[in-house]
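Participant: One file: run.json (JSON, C-alpha atoms).
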```
[["chain", "number", "residue", "atom", "x", "y", "z"],
["A", 271, "MET", "CA", 65.30, -59.26, -103.89],
["A", 272, "MET", "CA", 65.76, -62.87, -102.85],
["A", 273, "SER", "CA", 62.66, -64.99, -102.48],
["A", 274, "ALA", "CA", 61.54, -66.22, -99.08],
["A", 275, "PRO", "CA", 62.19, -69.92, -99.91],
["A", 276, "ALA", "CA", 65.73, -69.08, -101.04],
["A", 277, "ARG", "CA", 66.39, -67.09, -97.85],
["A", 278, "SER", "CA", 65.00, -69.90, -95.76],
["A", 279, "LYS", "CA", 67.16, -72.47, -97.54],
["A", 280, "LEU", "CA", 70.29, -70.35, -97.02],
["A", 281, "ARG", "CA", 69.54, -70.01, -93.30],
["A", 282, "SER", "CA", 69.17, -73.78, -93.03],
["A", 283, "LEU", "CA", 72.59, -74.27, -94.62],
["A", 284, "GLY", "CA", 74.19, -72.12, -91.94],
["A", 285, "LEU", "CA", 76.40, -70.19, -94.37],
["A", 286, "SER", "CA", 78.13, -66.88, -93.79],
["A", 287, "ALA", "CA", 76.66, -63.92, -95.63],
["A", 288, "THR", "CA", 79.38, -63.93, -98.28],
["A", 289, "CYS", "CA", 79.28, -67.71, -98.73],
["A", 290, "ALA", "CA", 75.54, -67.37, -99.20],
["A", 291, "GLU", "CA", 76.15, -64.68, -101.81],
["A", 292, "VAL", "CA", 78.56, -66.98, -103.66],
["A", 293, "LEU", "CA", 76.07, -69.82, -103.52],
["A", 294, "THR", "CA", 73.29, -67.62, -104.83],
["A", 295, "HIS", "CA", 75.21, -65.86, -107.57],
["A", 296, "LEU", "CA", 77.93, -68.30, -108.62],
["A", 297, "TRP", "CA", 76.22, -69.10, -111.92],
["A", 298, "ASP", "CA", 75.74, -65.38, -112.61],
["A", 299, "TYR", "CA", 79.44, -64.94, -111.81],
["A", 300, "LEU", "CA", 80.62, -67.81, -114.02],
["A", 301, "ASP", "CA", 78.33, -66.63, -116.83],
["A", 302, "GLU", "CA", 79.76, -63.11, -116.46],
["A", 303, "GLN", "CA", 76.32, -61.68, -115.83],
["A", 304, "ILE", "CA", 77.15, -59.57, -112.78],
["A", 305, "THR", "CA", 78.83, -56.21, -112.43],
["A", 306, "PRO", "CA", 82.63, -56.06, -112.27],
["A", 307, "THR", "CA", 82.40, -54.81, -108.68],
["A", 308, "SER", "CA", 80.26, -57.75, -107.60],
["A", 309, "ALA", "CA", 82.47, -60.16, -109.54],
["A", 310, "GLU", "CA", 85.56, -58.83, -107.79],
["A", 311, "ARG", "CA", 83.91, -59.22, -104.39],
["A", 312, "LEU", "CA", 83.00, -62.84, -105.11],
["A", 313, "ARG", "CA", 86.42, -63.57, -106.62],
["A", 314, "ALA", "CA", 88.17, -62.19, -103.52],
["A", 315, "HIS", "CA", 86.01, -64.28, -101.21],
["A", 316, "ILE", "CA", 86.40, -67.48, -103.24],
["A", 317, "ALA", "CA", 90.17, -67.04, -103.17],
["A", 318, "THR", "CA", 90.16, -67.20, -99.39],
["A", 319, "CYS", "CA", 87.33, -69.66, -98.72],
["A", 320, "ALA", "CA", 88.10, -73.34, -99.32],
["A", 321, "GLN", "CA", 84.43, -74.32, -99.15],
["A", 322, "CYS", "CA", 83.39, -71.82, -101.83],
["A", 323, "ARG", "CA", 86.42, -72.68, -103.95],
["A", 324, "ARG", "CA", 85.41, -76.34, -103.96],
["A", 325, "TYR", "CA", 81.90, -75.38, -104.94],
["A", 326, "GLU", "CA", 83.20, -73.16, -107.74],
["A", 327, "GLU", "CA", 85.34, -76.05, -109.04],
["A", 328, "TYR", "CA", 82.33, -78.37, -108.87],
["A", 329, "GLN", "CA", 80.20, -75.99, -110.95],
["A", 330, "GLU", "CA", 83.02, -75.22, -113.39],
["A", 331, "CYS", "CA", 83.51, -78.94, -113.94],
["A", 332, "PHE", "CA", 79.79, -79.33, -114.71],
["A", 333, "LEU", "CA", 79.83, -76.43, -117.18],
["A", 334, "ARG", "CA", 82.97, -77.76, -118.91],
["A", 335, "ALA", "CA", 81.27, -81.13, -119.32],
["A", 336, "MET", "CA", 78.21, -79.44, -120.83],
["A", 337, "SER", "CA", 80.37, -77.47, -123.23],
["A", 338, "SER", "CA", 82.25, -80.60, -124.29],
["A", 339, "LEU", "CA", 79.01, -82.20, -125.52],
["A", 340, "LYS", "CA", 79.32, -79.92, -128.52],
["A", 341, "GLN", "CA", 82.24, -81.94, -129.86],
["A", 342, "GLU", "CA", 80.38, -85.22, -129.60],
["A", 343, "LEU", "CA", 77.42, -84.79, -131.87],
["A", 344, "ASN", "CA", 77.36, -83.74, -135.49],
["A", 345, "ALA", "CA", 74.81, -83.91, -138.27],
["A", 346, "PRO", "CA", 74.78, -87.42, -139.76],
["A", 347, "HIS", "CA", 75.96, -88.00, -143.30],
["A", 348, "SER", "CA", 72.50, -89.19, -144.37],
["A", 349, "LEU", "CA", 71.01, -85.86, -143.31],
["A", 350, "ARG", "CA", 73.63, -83.93, -145.26],
["A", 351, "GLU", "CA", 72.88, -85.99, -148.36],
["A", 352, "ARG", "CA", 69.12, -85.43, -148.11],
["A", 353, "LEU", "CA", 69.55, -81.72, -147.46],
["A", 354, "ALA", "CA", 71.86, -81.41, -150.47],
["A", 355, "VAL", "CA", 69.19, -82.95, -152.71],
["A", 356, "ARG", "CA", 66.52, -80.62, -151.30],
["A", 357, "LEU", "CA", 68.70, -77.53, -151.77],
["A", 358, "LYS", "CA", 69.55, -78.60, -155.28],
["A", 359, "GLY", "CA", 65.83, -78.79, -155.96],
["A", 360, "GLN", "CA", 65.55, -75.19, -154.78],
["A", 361, "GLY", "CA", 68.14, -74.09, -157.30],
["A", 362, "CYS", "CA", 70.81, -73.56, -154.69],
["A", 363, "GLY", "CA", 74.18, -73.38, -156.39],
["A", 364, "CYS", "CA", 76.11, -74.51, -153.32],
["A", 365, "TRP", "CA", 74.12, -77.69, -152.65],
["A", 366, "ASP", "CA", 77.22, -79.78, -153.23],
["A", 367, "LYS", "CA", 78.98, -78.04, -150.36],
["A", 368, "VAL", "CA", 76.56, -79.45, -147.78],
["A", 369, "SER", "CA", 78.47, -82.70, -147.79],
["A", 370, "ARG", "CA", 82.10, -82.86, -148.71],
["A", 371, "ASP", "CA", 81.56, -86.39, -149.96],
["A", 372, "LEU", "CA", 79.14, -85.40, -152.70],
["B", 170, "MET", "CA", 61.41, -88.81, -148.86],
["B", 171, "PRO", "CA", 59.71, -89.29, -145.52],
["B", 172, "HIS", "CA", 58.56, -86.37, -143.45],
["B", 173, "SER", "CA", 56.95, -86.06, -140.09],
["B", 174, "PRO", "CA", 53.23, -85.51, -140.61],
["B", 175, "GLY", "CA", 53.31, -82.22, -138.78],
["B", 176, "LEU", "CA", 56.01, -80.68, -140.87],
["B", 177, "SER", "CA", 54.99, -78.32, -143.60],
["B", 178, "VAL", "CA", 57.36, -78.88, -146.44],
["B", 179, "GLU", "CA", 56.44, -77.01, -149.55],
["B", 180, "GLU", "CA", 58.95, -78.40, -151.92],
["B", 181, "SER", "CA", 59.48, -82.06, -152.65],
["B", 182, "GLY", "CA", 62.94, -81.50, -154.02],
["B", 183, "VAL", "CA", 62.35, -84.14, -156.68],
["B", 184, "THR", "CA", 62.17, -81.61, -159.46],
["B", 185, "ALA", "CA", 65.84, -81.42, -158.89],
["B", 186, "ASP", "CA", 67.78, -79.41, -161.37],
["B", 187, "ALA", "CA", 65.01, -77.03, -162.45],
["B", 188, "GLY", "CA", 66.59, -74.07, -160.67],
["B", 189, "LEU", "CA", 70.03, -74.81, -161.95],
["B", 190, "GLN", "CA", 69.11, -74.86, -165.60],
["B", 191, "GLY", "CA", 69.81, -71.84, -167.68],
["B", 192, "ALA", "CA", 71.93, -68.84, -166.82],
["B", 193, "ARG", "CA", 72.17, -67.87, -163.20],
["B", 194, "SER", "CA", 72.06, -64.20, -162.43],
["B", 195, "ALA", "CA", 74.89, -62.48, -160.60],
["B", 196, "SER", "CA", 72.61, -61.96, -157.61],
["B", 197, "ASP", "CA", 71.83, -65.69, -157.49],
["B", 198, "VAL", "CA", 75.51, -66.50, -157.51],
["B", 199, "ALA", "CA", 76.18, -63.93, -154.78],
["B", 200, "ARG", "CA", 73.29, -65.24, -152.67],
["B", 201, "ASP", "CA", 74.51, -68.82, -152.95],
["B", 202, "ALA", "CA", 78.05, -67.82, -152.07],
["B", 203, "ALA", "CA", 76.80, -65.97, -149.00],
["B", 204, "PHE", "CA", 74.58, -68.89, -148.01],
["B", 205, "GLU", "CA", 77.47, -71.30, -148.35],
["B", 206, "ARG", "CA", 79.79, -69.04, -146.35],
["B", 207, "ASP", "CA", 77.42, -67.88, -143.61],
["B", 208, "ALA", "CA", 74.78, -70.59, -143.19],
["B", 209, "LEU", "CA", 76.15, -74.00, -144.15],
["B", 210, "PRO", "CA", 78.97, -74.04, -141.56],
["B", 211, "TRP", "CA", 76.32, -74.12, -138.83],
["B", 212, "LEU", "CA", 74.68, -77.35, -139.95],
["B", 213, "ASP", "CA", 76.11, -79.38, -137.06],
["B", 214, "ASP", "CA", 75.11, -76.73, -134.54],
["B", 215, "VAL", "CA", 71.57, -76.56, -135.86],
["B", 216, "TYR", "CA", 71.37, -80.36, -135.86],
["B", 217, "ARG", "CA", 72.38, -80.52, -132.19],
["B", 218, "PHE", "CA", 69.81, -77.90, -131.29],
["B", 219, "ALA", "CA", 67.10, -79.63, -133.35],
["B", 220, "LEU", "CA", 67.90, -82.95, -131.71],
["B", 221, "SER", "CA", 67.66, -81.37, -128.30],
["B", 222, "LEU", "CA", 64.19, -80.17, -129.21],
["B", 223, "THR", "CA", 62.83, -83.27, -130.92],
["B", 224, "ARG", "CA", 64.83, -85.95, -129.03],
["B", 225, "GLU", "CA", 64.30, -88.16, -132.07],
["B", 226, "GLU", "CA", 66.95, -88.29, -134.78],
["B", 227, "SER", "CA", 64.47, -88.71, -137.63],
["B", 228, "ASP", "CA", 62.42, -85.74, -136.43],
["B", 229, "ALA", "CA", 65.59, -83.71, -136.00],
["B", 230, "ASP", "CA", 66.57, -84.50, -139.58],
["B", 231, "ASP", "CA", 63.23, -83.15, -140.82],
["B", 232, "VAL", "CA", 63.49, -80.02, -138.69],
["B", 233, "VAL", "CA", 67.04, -79.33, -139.88],
["B", 234, "GLN", "CA", 66.14, -79.80, -143.53],
["B", 235, "GLU", "CA", 63.15, -77.49, -143.20],
["B", 236, "THR", "CA", 65.27, -74.95, -141.31],
["B", 237, "PHE", "CA", 67.88, -74.73, -144.06],
["B", 238, "LEU", "CA", 65.33, -74.71, -146.85],
["B", 239, "ARG", "CA", 63.48, -71.86, -145.18],
["B", 240, "ALA", "CA", 66.75, -70.07, -144.54],
["B", 241, "TYR", "CA", 67.68, -70.41, -148.20],
["B", 242, "ARG", "CA", 64.30, -69.19, -149.41],
["B", 243, "SER", "CA", 64.36, -66.31, -146.91],
["B", 244, "TRP", "CA", 68.00, -65.43, -147.39],
["B", 245, "HIS", "CA", 67.06, -61.90, -148.46],
["B", 246, "THR", "CA", 65.81, -61.28, -144.90],
["B", 247, "PHE", "CA", 69.13, -62.19, -143.29],
["B", 248, "ILE", "CA", 71.11, -59.08, -142.46],
["B", 249, "PRO", "CA", 74.75, -59.54, -143.54],
["B", 250, "GLY", "CA", 77.18, -59.19, -140.69],
["B", 251, "THR", "CA", 74.71, -60.30, -138.03],
["B", 252, "ASP", "CA", 74.84, -63.62, -136.20],
["B", 253, "CYS", "CA", 73.74, -66.20, -138.76],
["B", 254, "ARG", "CA", 73.83, -69.07, -136.27],
["B", 255, "ARG", "CA", 71.40, -67.24, -134.00],
["B", 256, "TRP", "CA", 69.17, -66.56, -137.02],
["B", 257, "LEU", "CA", 69.21, -70.26, -137.93],
["B", 258, "PHE", "CA", 68.47, -71.33, -134.34],
["B", 259, "THR", "CA", 65.46, -69.01, -134.35],
["B", 260, "ILE", "CA", 64.15, -70.54, -137.58],
["B", 261, "CYS", "CA", 64.85, -74.01, -136.21],
["B", 262, "ARG", "CA", 62.89, -73.40, -133.05],
["B", 263, "ASN", "CA", 59.99, -71.94, -135.00],
["B", 264, "VAL", "CA", 59.98, -74.92, -137.37],
["B", 265, "PHE", "CA", 59.94, -77.25, -134.40],
["B", 266, "LEU", "CA", 57.13, -75.43, -132.62],
["B", 267, "ARG", "CA", 55.03, -75.28, -135.76],
["B", 268, "SER", "CA", 55.70, -78.93, -136.53],
["B", 269, "ARG", "CA", 54.37, -79.91, -133.15],
["B", 270, "GLU", "CA", 51.52, -77.40, -133.37],
["B", 271, "ARG", "CA", 52.50, -76.23, -129.94],
["B", 272, "GLN", "CA", 51.99, -72.92, -128.34],
["B", 273, "ARG", "CA", 55.25, -71.38, -127.31],
["B", 274, "PRO", "CA", 55.76, -72.81, -123.84],
["B", 275, "THR", "CA", 55.08, -70.39, -121.05],
["B", 276, "VAL", "CA", 56.69, -71.22, -117.78],
["B", 277, "ASP", "CA", 56.34, -68.80, -114.96],
["B", 278, "LEU", "CA", 59.67, -68.81, -113.19],
["B", 279, "GLU", "CA", 60.55, -65.59, -111.54],
["B", 280, "ASP", "CA", 63.34, -66.73, -109.38],
["B", 281, "GLY", "CA", 66.56, -68.17, -110.72],
["B", 282, "GLU", "CA", 68.12, -67.66, -107.30],
["B", 283, "GLN", "CA", 65.91, -70.31, -105.78],
["B", 284, "ASP", "CA", 67.33, -72.84, -108.27],
["B", 285, "ALA", "CA", 70.88, -71.63, -107.70],
["B", 286, "VAL", "CA", 70.46, -72.14, -103.97],
["B", 287, "ALA", "CA", 68.78, -75.51, -104.54],
["B", 288, "ALA", "CA", 71.76, -76.58, -106.66],
["B", 289, "GLY", "CA", 73.94, -75.70, -103.70],
["B", 290, "SER", "CA", 71.81, -77.98, -101.54],
["B", 291, "VAL", "CA", 72.26, -80.80, -104.05],
["B", 292, "TYR", "CA", 76.00, -80.28, -103.84],
["B", 293, "ALA", "CA", 75.94, -80.11, -100.03],
["B", 294, "ALA", "CA", 74.00, -83.38, -99.85],
["B", 295, "ALA", "CA", 76.41, -85.07, -102.27],
["B", 296, "ARG", "CA", 79.34, -83.78, -100.26],
["B", 297, "GLU", "CA", 77.87, -85.12, -97.04],
["B", 298, "ARG", "CA", 77.71, -88.53, -98.64],
["B", 299, "GLY", "CA", 81.28, -88.16, -99.86],
["B", 300, "TYR", "CA", 80.77, -87.97, -103.59],
["B", 301, "ASP", "CA", 80.92, -84.31, -104.37],
["B", 302, "ASP", "CA", 83.66, -85.32, -106.81],
["B", 303, "ILE", "CA", 81.17, -87.25, -108.98],
["B", 304, "TYR", "CA", 81.99, -85.13, -112.01],
["B", 305, "ALA", "CA", 85.52, -86.48, -111.89],
["B", 306, "ARG", "CA", 84.45, -90.08, -111.25],
["B", 307, "LEU", "CA", 81.35, -90.36, -113.43],
["B", 308, "ASP", "CA", 81.51, -90.87, -117.20],
["B", 309, "LEU", "CA", 79.88, -87.51, -117.63],
["B", 310, "ALA", "CA", 79.13, -87.27, -121.36],
["B", 311, "PRO", "CA", 76.67, -90.21, -121.63],
["B", 312, "ALA", "CA", 75.16, -89.38, -118.24],
["B", 313, "LEU", "CA", 74.62, -85.78, -119.33],
["B", 314, "ARG", "CA", 73.13, -86.82, -122.65],
["B", 315, "ASP", "CA", 70.65, -89.10, -120.87],
["B", 316, "ALA", "CA", 69.81, -86.40, -118.36],
["B", 317, "LEU", "CA", 69.30, -83.86, -121.15],
["B", 318, "ASP", "CA", 66.94, -86.26, -122.93],
["B", 319, "GLU", "CA", 64.79, -86.37, -119.83],
["B", 320, "LEU", "CA", 64.88, -82.63, -119.24],
["B", 321, "ALA", "CA", 61.61, -80.93, -120.11],
["B", 322, "GLU", "CA", 61.21, -78.05, -122.48],
["B", 323, "PRO", "CA", 61.81, -75.14, -122.23],
["B", 324, "PHE", "CA", 64.65, -75.83, -119.79],
["B", 325, "ARG", "CA", 66.39, -78.06, -122.33],
["B", 326, "SER", "CA", 66.50, -75.31, -124.96],
["B", 327, "ALA", "CA", 67.97, -72.83, -122.50],
["B", 328, "VAL", "CA", 70.68, -75.24, -121.38],
["B", 329, "ILE", "CA", 71.55, -76.36, -124.90],
["B", 330, "LEU", "CA", 71.73, -72.82, -126.27],
["B", 331, "VAL", "CA", 73.78, -71.30, -123.44],
["B", 332, "ASP", "CA", 75.83, -74.18, -122.03],
["B", 333, "VAL", "CA", 76.41, -76.35, -125.09],
["B", 334, "GLU", "CA", 76.19, -73.87, -127.97],
["B", 335, "ASP", "CA", 77.71, -71.05, -125.93],
["B", 336, "LEU", "CA", 75.15, -68.39, -126.85],
["B", 337, "SER", "CA", 74.90, -65.32, -124.67],
["B", 338, "TYR", "CA", 71.76, -64.88, -122.57],
["B", 339, "GLU", "CA", 70.78, -62.13, -124.99],
["B", 340, "SER", "CA", 71.12, -64.35, -128.07],
["B", 341, "ALA", "CA", 69.32, -67.23, -126.40],
["B", 342, "ALA", "CA", 66.51, -64.86, -125.44],
["B", 343, "GLU", "CA", 66.16, -63.83, -129.06],
["B", 344, "VAL", "CA", 66.11, -67.43, -130.26],
["B", 345, "MET", "CA", 63.55, -68.45, -127.65],
["B", 346, "GLY", "CA", 61.48, -65.29, -128.00],
["B", 347, "VAL", "CA", 61.51, -64.56, -124.28],
["B", 348, "PRO", "CA", 63.07, -61.91, -122.01],
["B", 349, "ILE", "CA", 66.65, -62.37, -120.80],
["B", 350, "GLY", "CA", 65.44, -62.91, -117.23],
["B", 351, "THR", "CA", 63.36, -65.83, -118.41],
["B", 352, "VAL", "CA", 66.38, -67.38, -120.10],
["B", 353, "ARG", "CA", 68.27, -67.06, -116.82],
["B", 354, "SER", "CA", 65.54, -68.67, -114.75],
["B", 355, "ARG", "CA", 65.05, -71.50, -117.26],
["B", 356, "LEU", "CA", 68.80, -72.03, -117.50],
["B", 357, "PHE", "CA", 69.23, -72.19, -113.74],
["B", 358, "ARG", "CA", 66.28, -74.57, -113.37],
["B", 359, "GLY", "CA", 67.70, -76.75, -116.15],
["B", 360, "ARG", "CA", 71.16, -76.85, -114.58],
["B", 361, "ARG", "CA", 69.75, -77.66, -111.17],
["B", 362, "LEU", "CA", 67.59, -80.50, -112.56],
["B", 363, "LEU", "CA", 70.55, -81.91, -114.51],
["B", 364, "GLN", "CA", 72.74, -81.88, -111.43],
["B", 365, "GLU", "CA", 70.04, -83.63, -109.41],
["B", 366, "LYS", "CA", 69.83, -86.30, -112.11],
["B", 367, "LEU", "CA", 73.59, -86.78, -112.13],
["B", 368, "VAL", "CA", 73.59, -87.36, -108.38],
["B", 369, "THR", "CA", 70.82, -89.92, -108.87],
["B", 370, "VAL", "CA", 72.87, -91.62, -111.59],
["B", 371, "ALA", "CA", 75.85, -91.77, -109.24],
["B", 372, "GLU", "CA", 73.68, -93.31, -106.52],
["B", 373, "ASP", "CA", 72.21, -95.84, -108.96],
["B", 374, "LEU", "CA", 75.71, -96.82, -109.99],
["B", 375, "GLY", "CA", 76.48, -97.51, -106.37],
["B", 376, "PHE", "CA", 79.02, -94.76, -105.90],
["B", 377, "GLN", "CA", 80.66, -94.89, -102.53],
["B", 378, "GLY", "CA", 81.96, -91.85, -100.79],
["B", 379, "ALA", "CA", 85.58, -91.18, -101.67],
["B", 380, "GLY", "CA", 86.43, -89.60, -98.40],
["B", 381, "VAL", "CA", 83.61, -88.78, -96.08],
["B", 382, "PRO", "CA", 84.84, -86.12, -93.67]]
```
As structure tokens, how would this structure be written, given the file I've shared?
Facilitator:
Amino acid sequence: MMSAPARSKLRSLGLSATCAEVLTHLWDYLDEQITPTSAERLRAHIATCAQCRRYEEYQECFLRAMSSLKQELNAPHSLRERLAVRLKGQGCGCWDKVSRDL
Amino acid sequence: MPHSPGLSVEESGVTADAGLQGARSASDVARDAAFERDALPWLDDVYRFALSLTREESDADDVVQETFLRAYRSWHTFIPGTDCRRWLFTICRNVFLRSRERQRPTVDLEDGEQDAVAAGSVYAAARERGYDDIYARLDLAPALRDALDELAEPFRSAVILVDVEDLSYESAAEVMGVPIGTVRSRLFRGRRLLQEKLVTVAEDLGFQGAGVP
């Protein structure tokens, strides 16, 4: 059940019922959190609606950028060295595998 | 070795080789092999998650060290074949919360749809001003990192776990100790806030509309 503020906002945007459904559930759709039937309905609409297709591309671009952050940040070498020392102190036999440089 | 005052670290690590002296049992060897195979590959992932929680590299280092030490000591509680990364994220979050002596955040957000619709309004406004293509024109990675730094918990955790670390809603819910619906509402709020910040960044940079209809 959609909240009153969400319904009000959709009315103010002047969208068709299906465009409003895409707007409301696009993230659920992209996250594969809706039923196959609902996903097919949204997919069919997006394929024929330029406005919704642009919005889908906009959100997909955002999610791709978020996902790409994963490649940009790794544990620093200093952390690996300190952790290796701590694990060695615990008797861990694989402490030297924490950092390939050790 | 420096530690954040709030962190409870039982072992100093300076006794070094004590555990390695003498014969190691077959079970010790098997445990260490499993730890190396299942836990150590996730060090970068845990670091990213810790950094998203602490926002300070030195604090993240402490949280990561404590996470892996606890994981090693508690290895007998890890169920082989289950998702070790999720298990480590859960420990990491608990270490962080305990280190800050915080209650688990409780945010009452029932309605992810409201944020989804609001995100659509952000897009519509950007489009009206002719820069709905900001994701193509903006250097997104640094802008996103800055926006994530400013994003409040628990929205940041939800976004990092699902959108950056690619956990399912179910796994993120387990890590955060909340229902799946709460993950969804926090995720949607986080995404909406990030997108609002990115539009603000574009405006601050003086973006001009590429092709106002």
Participant: For a quick check of understanding, using all atoms listed in the file, which of A:Thr294, A:Ser348, A:Gln329, A:Ser338 has the smallest distance to B:Glu334?
Facilitator: A:Ser338
Participant: For the atom pair atom CA of B:Val291 and atom CA of B:Gln364, what is the interatomic distance in Å to one decimal place?
Facilitator: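 Interatomic distance here is 7.5 Å.
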Participant: May I ask which of the residues A:His315, A:Arg323, A:Lys340, A:His347 is the closest one to chain B, counting only C-alpha atoms?
Facilitator: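 Of A:His315, A:Arg323, A:Lys340, A:His347, the one nearest chain B, counting only C-alpha atoms, is A:Lys340.
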Participant: Report the distance between atom CA of B:Ala321 and atom CA of B:Asp214 in Å, rounded to one decimal place.
Facilitator: 20.2 Å
Participant: Got a sec to pull out which chain A residues are within 6 Å of chain B, counting all atoms listed in the file, and send them as a list in words?
Facilitator: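 Close to chain B, chain A has Ala276, Thr294, Met336, Ser337, Lys340, Asn344, Ala345, Leu349, Leu353, Arg356, Lys358, Gly359, Gly361, Gly363 and Cys364 of chain A.
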Participant: Kindly extract all protein, DNA and RNA residues lying within 7 Å of the coordinates (83.5, -66.6, -99.9) given in the file, considering all atoms listed in the file, and supply them as a count of residues only.
Facilitator: 9
Participant: Can you tell me how far atom CA of B:Ser196 sits from atom CA of B:Thr251, in Å to one decimal?
Facilitator: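 Between atom CA of B:Ser196 and atom CA of B:Thr251 the gap is 19.8 Å.
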Participant: Would you please work out which residue, of B:Gly299, B:Gly250, B:Pro323, B:Pro348, is nearest to B:Arg262 when using only C-alpha atoms?
Facilitator: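 Of B:Gly299, B:Gly250, B:Pro323, B:Pro348, the one nearest B:Arg262, counting only C-alpha atoms, is B:Pro323.
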Participant: Might you pull out every residue within 10 Å of A:Glu326, with only C-alpha atoms counted and same-chain residues fewer than 2 positions away left off, and present them as a PyMOL selection string?
Facilitator: chain A and resi 292-293+296-297+299-300+316+320-324+328-332
